[in-house]
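> Quick one: the structure is below, questions incoming.
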Amino acid sequence: MSKKGRRPDFDTYYRDLFGTRWDGLKQAMEADSSHVELNQGLLKPYYLDAASLLPIKALDAEGGVNILDLCSAPGGKALAIAGSMGPEAQLTVNDRSSQRRSRLRRVLEEHLETGVLSRIKVSAHDAARWGLYEQNIYDRVLADVPCSSERHLVQDPSHLKNWSPARTRHLAVQAYAILAAGFTALKPGGILVYSTCALSPGENDNVIAKLLKRHGSECRLLQPDGTIGEATEYGRIILPDNENGMGPIYYASVTKAQAF
């Protein structure tokens, strides 16, 4: 452990979480991730981490009519949603950053036919405040939130030097605000999928636990299907040391109780 008064370094922090597994997990993250070609309903292929499609599968976009992607840039998951949603579905994709939103628009325009693009709205709201303006509107909500993204950190020393446990805690607070806003915007009976590319339970299961605690009987956990990855208390996590380079991806699903 680190000396009193000093924050733990990156390796100490994650070794405390993963024990002897950490060195192998870190080595797997330092290698290139396992990518898959996304091409369903697209003008040209888009490549993304294979594990990124699992939250979209859990979202069941085919069954959605009014779909919200709260933190959509760079756009890979939005393309996956667009490729699987029904012909009458409407998709709202959101990102607060103008730079990221420009990239999102470009990705959508390069990969989607005009007829599909006409059913997609790009918005620029603060995702954490969405629930103040729209309540009980969407039957599918994806909250793929900003997170520690440890794989990116270990591959880029310039970003790793800015890591700290305080940053992880800050991201968890922000993630809960986005998740809670998405839950407010969700229709009763709809599906909300929460997703990160983080390792820390503080950004993963603990955020879901907070939602379940604060929303009581109104919020019900959905058990994710599939055998890929490892079960956590509330969802699943896919880690590259056990899944041929895929991940990290964490996801969990909830629904809102129907009004009686």
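Every chain in the structure tokens has a letter given in the order shown (A, B, ...), and although residue numbers restart at 1 in each chain, ligands are simply numbered from 1 in the order shown.
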For the contact check between segment 146-244 of chain A and segment 21-34 of chain A, emit one row per residue of segment 146-244 of chain A within 9 Å, containing the shortest atom pair and the distance in Å rounded to one decimal, counting only C-alpha atoms, chain then rising number order, as JSON lines.

{"residue": "A:Glu150", "atom": "CA", "partner": "A:Met29", "partner_atom": "CA", "distance": 8.0}
{"residue": "A:Arg151", "atom": "CA", "partner": "A:Met29", "partner_atom": "CA", "distance": 5.1}
{"residue": "A:His152", "atom": "CA", "partner": "A:Met29", "partner_atom": "CA", "distance": 8.2}
{"residue": "A:Val154", "atom": "CA", "partner": "A:Glu30", "partner_atom": "CA", "distance": 6.1}
{"residue": "A:Gln155", "atom": "CA", "partner": "A:Glu30", "partner_atom": "CA", "distance": 5.6}
{"residue": "A:Leu239", "atom": "CA", "partner": "A:Leu25", "partner_atom": "CA", "distance": 7.6}
{"residue": "A:Pro240", "atom": "CA", "partner": "A:Ala28", "partner_atom": "CA", "distance": 5.8}
{"residue": "A:Asp241", "atom": "CA", "partner": "A:Leu25", "partner_atom": "CA", "distance": 5.1}
{"residue": "A:Asn242", "atom": "CA", "partner": "A:Leu25", "partner_atom": "CA", "distance": 8.5}
{"residue": "A:Glu243", "atom": "CA", "partner": "A:Ser34", "partner_atom": "CA", "distance": 9.0}
{"residue": "A:Asn244", "atom": "CA", "partner": "A:Ser34", "partner_atom": "CA", "distance": 6.9}
> Please, could you write that set of residues out with N, CA and C atoms as an mmCIF file, in the first residue's frame?

data_model
loop_
_atom_site.group_PDB
_atom_site.id
_atom_site.type_symbol
_atom_site.label_atom_id
_atom_site.label_comp_id
_atom_site.auth_asym_id
_atom_site.auth_seq_id
_atom_site.Cartn_x
_atom_site.Cartn_y
_atom_site.Cartn_z
ATOM 1 N N GLU A 150 -9.369 2.772 -18.788
ATOM 2 C CA GLU A 150 -8.014 2.391 -18.402
ATOM 3 C C GLU A 150 -7.186 1.827 -19.554
ATOM 4 N N ARG A 151 -7.825 1.210 -20.511
ATOM 5 C CA ARG A 151 -7.055 0.698 -21.653
ATOM 6 C C ARG A 151 -6.391 1.844 -22.400
ATOM 7 N N HIS A 152 -7.123 2.924 -22.564
ATOM 8 C CA HIS A 152 -6.555 4.105 -23.214
ATOM 9 C C HIS A 152 -5.413 4.678 -22.380
ATOM 10 N N VAL A 154 -3.316 3.112 -20.252
ATOM 11 C CA VAL A 154 -2.077 2.329 -20.269
ATOM 12 C C VAL A 154 -1.394 2.392 -21.640
ATOM 13 N N GLN A 155 -2.138 2.757 -22.679
ATOM 14 C CA GLN A 155 -1.545 2.870 -24.005
ATOM 15 C C GLN A 155 -1.045 4.268 -24.312
ATOM 16 N N LEU A 239 -13.383 -8.508 -19.929
ATOM 17 C CA LEU A 239 -12.006 -8.106 -19.693
ATOM 18 C C LEU A 239 -11.085 -8.800 -20.690
ATOM 19 N N PRO A 240 -10.123 -8.061 -21.241
ATOM 20 C CA PRO A 240 -9.345 -8.580 -22.372
ATOM 21 C C PRO A 240 -8.436 -9.758 -22.049
ATOM 22 N N ASP A 241 -8.061 -9.936 -20.793
ATOM 23 C CA ASP A 241 -7.184 -11.067 -20.484
ATOM 24 C C ASP A 241 -7.921 -12.402 -20.575
ATOM 25 N N ASN A 242 -9.243 -12.379 -20.457
ATOM 26 C CA ASN A 242 -10.041 -13.608 -20.525
ATOM 27 C C ASN A 242 -10.864 -13.734 -21.802
ATOM 28 N N GLU A 243 -10.939 -12.658 -22.599
ATOM 29 C CA GLU A 243 -11.850 -12.652 -23.756
ATOM 30 C C GLU A 243 -11.139 -12.269 -25.051
ATOM 31 N N ASN A 244 -9.964 -12.833 -25.251
ATOM 32 C CA ASN A 244 -9.237 -12.677 -26.523
ATOM 33 C C ASN A 244 -9.055 -11.220 -26.934
#
> Taking the DSSP assignment computed from this structure's backbone, write out as a PyMOL selection string all residues of segment 55-192 of chain A that belong to alpha helix (DSSP H).
chain A and resi 55-59+76-84+98-111+114-117+150-155+157-160+165-185
> Output C-alpha atoms for every residue in that selection, as a PDB file, in the first residue's frame.

ATOM      1  CA  PRO A  55     -24.585  -3.246 -24.517  1.00  0.00           C
ATOM      2  CA  ILE A  56     -26.416  -2.661 -27.820  1.00  0.00           C
ATOM      3  CA  LYS A  57     -27.663  -6.228 -27.802  1.00  0.00           C
ATOM      4  CA  ALA A  58     -28.927  -5.690 -24.245  1.00  0.00           C
ATOM      5  CA  LEU A  59     -30.681  -2.496 -25.373  1.00  0.00           C
ATOM      6  CA  GLY A  76     -19.933   3.434 -33.173  1.00  0.00           C
ATOM      7  CA  LYS A  77     -22.728   2.400 -30.838  1.00  0.00           C
ATOM      8  CA  ALA A  78     -25.105   4.827 -32.590  1.00  0.00           C
ATOM      9  CA  LEU A  79     -24.352   3.067 -35.883  1.00  0.00           C
ATOM     10  CA  ALA A  80     -25.071  -0.280 -34.252  1.00  0.00           C
ATOM     11  CA  ILE A  81     -28.395   1.031 -32.946  1.00  0.00           C
ATOM     12  CA  ALA A  82     -29.287   2.545 -36.324  1.00  0.00           C
ATOM     13  CA  GLY A  83     -28.487  -0.724 -38.060  1.00  0.00           C
ATOM     14  CA  SER A  84     -30.782  -2.746 -35.843  1.00  0.00           C
ATOM     15  CA  SER A  98     -19.019  20.577 -30.211  1.00  0.00           C
ATOM     16  CA  GLN A  99     -15.804  18.894 -31.351  1.00  0.00           C
ATOM     17  CA  ARG A 100     -17.039  15.414 -30.516  1.00  0.00           C
ATOM     18  CA  ARG A 101     -20.451  16.227 -31.977  1.00  0.00           C
ATOM     19  CA  SER A 102     -18.837  17.235 -35.284  1.00  0.00           C
ATOM     20  CA  ARG A 103     -17.065  13.890 -35.391  1.00  0.00           C
ATOM     21  CA  LEU A 104     -20.343  12.146 -34.549  1.00  0.00           C
ATOM     22  CA  ARG A 105     -22.153  13.862 -37.430  1.00  0.00           C
ATOM     23  CA  ARG A 106     -19.367  12.921 -39.818  1.00  0.00           C
ATOM     24  CA  VAL A 107     -19.465   9.261 -38.765  1.00  0.00           C
ATOM     25  CA  LEU A 108     -23.244   9.110 -39.188  1.00  0.00           C
ATOM     26  CA  GLU A 109     -23.209  10.847 -42.581  1.00  0.00           C
ATOM     27  CA  GLU A 110     -20.403   8.641 -43.931  1.00  0.00           C
ATOM     28  CA  HIS A 111     -22.011   5.361 -42.903  1.00  0.00           C
ATOM     29  CA  THR A 114     -30.300   9.261 -46.210  1.00  0.00           C
ATOM     30  CA  GLY A 115     -33.495   7.486 -45.193  1.00  0.00           C
ATOM     31  CA  VAL A 116     -31.960   6.360 -41.923  1.00  0.00           C
ATOM     32  CA  LEU A 117     -30.300   9.726 -41.283  1.00  0.00           C
ATOM     33  CA  GLU A 150      -8.014   2.391 -18.402  1.00  0.00           C
ATOM     34  CA  ARG A 151      -7.055   0.698 -21.653  1.00  0.00           C
ATOM     35  CA  HIS A 152      -6.555   4.105 -23.214  1.00  0.00           C
ATOM     36  CA  LEU A 153      -4.538   5.214 -20.205  1.00  0.00           C
ATOM     37  CA  VAL A 154      -2.077   2.329 -20.269  1.00  0.00           C
ATOM     38  CA  GLN A 155      -1.545   2.870 -24.005  1.00  0.00           C
ATOM     39  CA  PRO A 157       1.504   7.791 -20.992  1.00  0.00           C
ATOM     40  CA  SER A 158       0.506  11.431 -21.556  1.00  0.00           C
ATOM     41  CA  HIS A 159      -2.992  10.608 -20.286  1.00  0.00           C
ATOM     42  CA  LEU A 160      -1.869   8.138 -17.638  1.00  0.00           C
ATOM     43  CA  PRO A 165      -8.337   8.019  -7.567  1.00  0.00           C
ATOM     44  CA  ALA A 166     -10.033  11.406  -7.238  1.00  0.00           C
ATOM     45  CA  ARG A 167     -10.642  11.464 -10.976  1.00  0.00           C
ATOM     46  CA  THR A 168     -12.228   8.025 -10.780  1.00  0.00           C
ATOM     47  CA  ARG A 169     -14.528   9.231  -7.990  1.00  0.00           C
ATOM     48  CA  HIS A 170     -15.442  12.353  -9.975  1.00  0.00           C
ATOM     49  CA  LEU A 171     -16.297  10.259 -13.030  1.00  0.00           C
ATOM     50  CA  ALA A 172     -18.496   7.989 -10.902  1.00  0.00           C
ATOM     51  CA  VAL A 173     -20.457  10.997  -9.625  1.00  0.00           C
ATOM     52  CA  GLN A 174     -20.891  12.289 -13.174  1.00  0.00           C
ATOM     53  CA  ALA A 175     -21.884   8.830 -14.385  1.00  0.00           C
ATOM     54  CA  TYR A 176     -24.633   8.562 -11.796  1.00  0.00           C
ATOM     55  CA  ALA A 177     -26.017  11.973 -12.776  1.00  0.00           C
ATOM     56  CA  ILE A 178     -26.222  10.856 -16.420  1.00  0.00           C
ATOM     57  CA  LEU A 179     -27.717   7.488 -15.490  1.00  0.00           C
ATOM     58  CA  ALA A 180     -30.353   9.105 -13.257  1.00  0.00           C
ATOM     59  CA  ALA A 181     -31.243  11.592 -16.009  1.00  0.00           C
ATOM     60  CA  GLY A 182     -31.619   8.725 -18.470  1.00  0.00           C
ATOM     61  CA  PHE A 183     -33.845   6.852 -16.054  1.00  0.00           C
ATOM     62  CA  THR A 184     -36.072   9.912 -15.676  1.00  0.00           C
ATOM     63  CA  ALA A 185     -36.357  10.145 -19.465  1.00  0.00           C
TER      64      ALA A 185
END
> Extract, using only C-alpha atoms, all DNA, RNA and protein residues at most 6 Å from Arg140 of chain A, discarding same-chain residues fewer than 5 positions from it, and format them as a list in words.
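What passes the distance filter is Gly64, Ile67, Gly190, Ile191 and Leu192 of chain A.
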> Write to file, as a JSON list (two decimals), in the first residue's frame, the residues of the selection just made, with all heavy atoms.

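Saved to out.json:
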[["chain", "number", "residue", "atom", "x", "y", "z"],
["A", 64, "GLY", "N", -37.48, -0.95, -29.95],
["A", 64, "GLY", "CA", -37.66, 0.44, -29.57],
["A", 64, "GLY", "C", -38.25, 1.29, -30.68],
["A", 64, "GLY", "O", -37.98, 1.07, -31.86],
["A", 67, "ILE", "N", -35.72, 6.16, -29.28],
["A", 67, "ILE", "CA", -34.46, 5.71, -28.69],
["A", 67, "ILE", "C", -33.55, 6.91, -28.42],
["A", 67, "ILE", "O", -33.43, 7.81, -29.26],
["A", 67, "ILE", "CB", -33.75, 4.71, -29.62],
["A", 67, "ILE", "CG1", -34.69, 3.55, -29.97],
["A", 67, "ILE", "CG2", -32.47, 4.18, -28.98],
["A", 67, "ILE", "CD1", -34.17, 2.64, -31.08],
["A", 190, "GLY", "N", -39.78, 0.58, -20.36],
["A", 190, "GLY", "CA", -38.66, 0.69, -21.28],
["A", 190, "GLY", "C", -37.39, 0.08, -20.72],
["A", 190, "GLY", "O", -37.35, -0.39, -19.58],
["A", 191, "ILE", "N", -36.34, 0.08, -21.53],
["A", 191, "ILE", "CA", -35.05, -0.48, -21.14],
["A", 191, "ILE", "C", -33.98, 0.59, -21.17],
["A", 191, "ILE", "O", -33.85, 1.33, -22.16],
["A", 191, "ILE", "CB", -34.64, -1.63, -22.08],
["A", 191, "ILE", "CG1", -35.64, -2.79, -22.00],
["A", 191, "ILE", "CG2", -33.23, -2.14, -21.76],
["A", 191, "ILE", "CD1", -35.40, -3.87, -23.04],
["A", 192, "LEU", "N", -33.22, 0.68, -20.09],
["A", 192, "LEU", "CA", -32.06, 1.56, -20.01],
["A", 192, "LEU", "C", -30.83, 0.70, -19.83],
["A", 192, "LEU", "O", -30.78, -0.15, -18.92],
["A", 192, "LEU", "CB", -32.20, 2.55, -18.85],
["A", 192, "LEU", "CG", -31.10, 3.61, -18.68],
["A", 192, "LEU", "CD1", -31.65, 4.81, -17.91],
["A", 192, "LEU", "CD2", -29.87, 3.09, -17.95]]
> Under the rule of at most 10 Å, produce a per-residue listing of segment 166-248 of chain A near segment 46-50 of chain A: chain, number, name, the closest pair of atoms, and the distance in Å, as JSON lines, using only C-alpha atoms.

{"residue": "A:Gly245", "atom": "CA", "partner": "A:Asp49", "partner_atom": "CA", "distance": 9.0}
{"residue": "A:Met246", "atom": "CA", "partner": "A:Ala50", "partner_atom": "CA", "distance": 6.1}
{"residue": "A:Gly247", "atom": "CA", "partner": "A:Asp49", "partner_atom": "CA", "distance": 6.8}
{"residue": "A:Pro248", "atom": "CA", "partner": "A:Asp49", "partner_atom": "CA", "distance": 9.2}
> Restricting the calculation to only C-alpha atoms, which member of A:Leu221, A:Leu186, A:Cys147, A:Val141 is positioned closest to Ser200 of chain A?
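Among A:Leu221, A:Leu186, A:Cys147, A:Val141, it is A:Cys147 that comes nearest to Ser200 of chain A.
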> What residues in segment 124-167 of chain A get the DSSP label strand (DSSP E or B)? Please answer as a PyMOL selection string.
chain A and resi 138-144
> Just the selected residues (all heavy atoms), exported as a PDB file, in the first residue's frame, please.

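Result went into out_10.pdb, see below:
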ATOM      1  N   TYR A 138     -38.765   8.046 -23.636  1.00  0.00           N
ATOM      2  CA  TYR A 138     -38.042   7.091 -24.484  1.00  0.00           C
ATOM      3  C   TYR A 138     -38.254   5.657 -24.014  1.00  0.00           C
ATOM      4  O   TYR A 138     -38.217   5.373 -22.821  1.00  0.00           O
ATOM      5  CB  TYR A 138     -36.548   7.412 -24.492  1.00  0.00           C
ATOM      6  CG  TYR A 138     -36.255   8.779 -25.046  1.00  0.00           C
ATOM      7  CD1 TYR A 138     -36.174   9.894 -24.218  1.00  0.00           C
ATOM      8  CD2 TYR A 138     -36.078   8.965 -26.414  1.00  0.00           C
ATOM      9  CE1 TYR A 138     -35.926  11.156 -24.730  1.00  0.00           C
ATOM     10  CE2 TYR A 138     -35.830  10.221 -26.941  1.00  0.00           C
ATOM     11  CZ  TYR A 138     -35.760  11.313 -26.089  1.00  0.00           C
ATOM     12  OH  TYR A 138     -35.522  12.559 -26.614  1.00  0.00           O
ATOM     13  N   ASP A 139     -38.456   4.752 -24.973  1.00  0.00           N
ATOM     14  CA  ASP A 139     -38.593   3.354 -24.578  1.00  0.00           C
ATOM     15  C   ASP A 139     -37.267   2.596 -24.628  1.00  0.00           C
ATOM     16  O   ASP A 139     -37.197   1.447 -24.197  1.00  0.00           O
ATOM     17  CB  ASP A 139     -39.669   2.622 -25.384  1.00  0.00           C
ATOM     18  CG  ASP A 139     -39.566   2.834 -26.863  1.00  0.00           C
ATOM     19  OD1 ASP A 139     -38.476   3.232 -27.342  1.00  0.00           O
ATOM     20  OD2 ASP A 139     -40.556   2.596 -27.545  1.00  0.00           O
ATOM     21  N   ARG A 140     -36.205   3.227 -25.130  1.00  0.00           N
ATOM     22  CA  ARG A 140     -34.855   2.692 -25.044  1.00  0.00           C
ATOM     23  C   ARG A 140     -33.895   3.844 -24.769  1.00  0.00           C
ATOM     24  O   ARG A 140     -33.938   4.870 -25.464  1.00  0.00           O
ATOM     25  CB  ARG A 140     -34.435   1.988 -26.341  1.00  0.00           C
ATOM     26  CG  ARG A 140     -35.277   0.781 -26.721  1.00  0.00           C
ATOM     27  CD  ARG A 140     -35.070  -0.382 -25.773  1.00  0.00           C
ATOM     28  NE  ARG A 140     -35.780  -1.570 -26.215  1.00  0.00           N
ATOM     29  CZ  ARG A 140     -37.033  -1.860 -25.913  1.00  0.00           C
ATOM     30  NH1 ARG A 140     -37.763  -1.012 -25.182  1.00  0.00           N
ATOM     31  NH2 ARG A 140     -37.585  -2.984 -26.329  1.00  0.00           N
ATOM     32  N   VAL A 141     -33.013   3.681 -23.774  1.00  0.00           N
ATOM     33  CA  VAL A 141     -32.015   4.697 -23.446  1.00  0.00           C
ATOM     34  C   VAL A 141     -30.672   4.009 -23.256  1.00  0.00           C
ATOM     35  O   VAL A 141     -30.557   3.044 -22.491  1.00  0.00           O
ATOM     36  CB  VAL A 141     -32.376   5.479 -22.162  1.00  0.00           C
ATOM     37  CG1 VAL A 141     -31.266   6.465 -21.812  1.00  0.00           C
ATOM     38  CG2 VAL A 141     -33.707   6.214 -22.326  1.00  0.00           C
ATOM     39  N   LEU A 142     -29.664   4.512 -23.951  1.00  0.00           N
ATOM     40  CA  LEU A 142     -28.291   4.054 -23.747  1.00  0.00           C
ATOM     41  C   LEU A 142     -27.517   5.153 -23.036  1.00  0.00           C
ATOM     42  O   LEU A 142     -27.441   6.287 -23.527  1.00  0.00           O
ATOM     43  CB  LEU A 142     -27.623   3.724 -25.077  1.00  0.00           C
ATOM     44  CG  LEU A 142     -26.142   3.335 -24.986  1.00  0.00           C
ATOM     45  CD1 LEU A 142     -25.965   2.025 -24.213  1.00  0.00           C
ATOM     46  CD2 LEU A 142     -25.512   3.228 -26.377  1.00  0.00           C
ATOM     47  N   ALA A 143     -26.931   4.807 -21.880  1.00  0.00           N
ATOM     48  CA  ALA A 143     -26.056   5.722 -21.145  1.00  0.00           C
ATOM     49  C   ALA A 143     -24.655   5.126 -21.150  1.00  0.00           C
ATOM     50  O   ALA A 143     -24.250   4.426 -20.231  1.00  0.00           O
ATOM     51  CB  ALA A 143     -26.564   5.921 -19.723  1.00  0.00           C
ATOM     52  N   ASP A 144     -23.939   5.362 -22.236  1.00  0.00           N
ATOM     53  CA  ASP A 144     -22.548   4.906 -22.380  1.00  0.00           C
ATOM     54  C   ASP A 144     -21.663   6.070 -21.938  1.00  0.00           C
ATOM     55  O   ASP A 144     -21.244   6.889 -22.742  1.00  0.00           O
ATOM     56  CB  ASP A 144     -22.288   4.520 -23.833  1.00  0.00           C
ATOM     57  CG  ASP A 144     -20.890   3.986 -24.060  1.00  0.00           C
ATOM     58  OD1 ASP A 144     -20.404   3.226 -23.206  1.00  0.00           O
ATOM     59  OD2 ASP A 144     -20.274   4.335 -25.086  1.00  0.00           O
TER      60      ASP A 144
END
> Go through A:Thr255, A:Ser195, A:Thr12, A:Asn206 one by one, measure the shortest atom-to-atom distance of each to Leu54 of chain A using only C-alpha atoms, and give the residue with the smallest value.
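Result for the nearest residue to Leu54 of chain A: A:Ser195.
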> Tell me which of A:Asp126, A:Glu113, A:Glu233, A:Glu88 sits closest to Cys71 of chain A, counting only C-alpha atoms.
A:Asp126
> Which residues, written as a short mmCIF file (atom, residue, chain, number, x, y, z; two decimals) with N, CA and C atoms, in the first residue's frame, have at least one atom at most 9 Å from Ile208 of chain A, with only C-alpha atoms counted and residues fewer than 5 positions away on the same chain left out?

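Listing of around_34.cif after writing:
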data_model
loop_
_atom_site.label_atom_id
_atom_site.label_comp_id
_atom_site.auth_asym_id
_atom_site.auth_seq_id
_atom_site.Cartn_x
_atom_site.Cartn_y
_atom_site.Cartn_z
N TYR A 176 -23.33 8.73 -12.45
CA TYR A 176 -24.63 8.56 -11.80
C TYR A 176 -25.61 9.65 -12.24
N LEU A 179 -26.84 8.66 -15.60
CA LEU A 179 -27.72 7.49 -15.49
C LEU A 179 -29.08 7.88 -14.92
N TYR A 194 -26.78 0.85 -19.09
CA TYR A 194 -25.66 1.65 -18.60
C TYR A 194 -24.38 0.94 -19.00
N GLU A 203 -17.15 2.92 -10.71
CA GLU A 203 -17.76 3.48 -11.91
C GLU A 203 -18.75 2.52 -12.55
N LYS A 213 -31.05 1.95 -5.26
CA LYS A 213 -31.35 2.40 -3.90
C LYS A 213 -32.23 3.64 -3.90
N LEU A 221 -33.85 -4.24 -11.85
CA LEU A 221 -32.69 -4.73 -12.58
C LEU A 221 -33.09 -5.82 -13.56
N TYR A 234 -24.42 -6.69 -10.50
CA TYR A 234 -25.55 -6.09 -11.20
C TYR A 234 -25.50 -6.22 -12.73
N GLY A 235 -24.37 -6.60 -13.28
CA GLY A 235 -24.25 -6.65 -14.74
C GLY A 235 -23.21 -7.65 -15.18
N ALA A 252 -24.92 -2.93 -17.67
CA ALA A 252 -26.03 -3.40 -16.84
C ALA A 252 -27.31 -2.77 -17.38
N SER A 253 -28.44 -3.47 -17.16
CA SER A 253 -29.72 -3.01 -17.71
C SER A 253 -30.76 -2.90 -16.61
N VAL A 254 -31.59 -1.87 -16.72
CA VAL A 254 -32.71 -1.70 -15.80
C VAL A 254 -33.96 -1.34 -16.58
#
> One decimal, Å: what's the distance from atom CA of Asn66 of chain A over to atom CA of Gln90 of chain A, could you say?
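Answer for the atom CA of Asn66 of chain A to atom CA of Gln90 of chain A separation: 5.1 Å.
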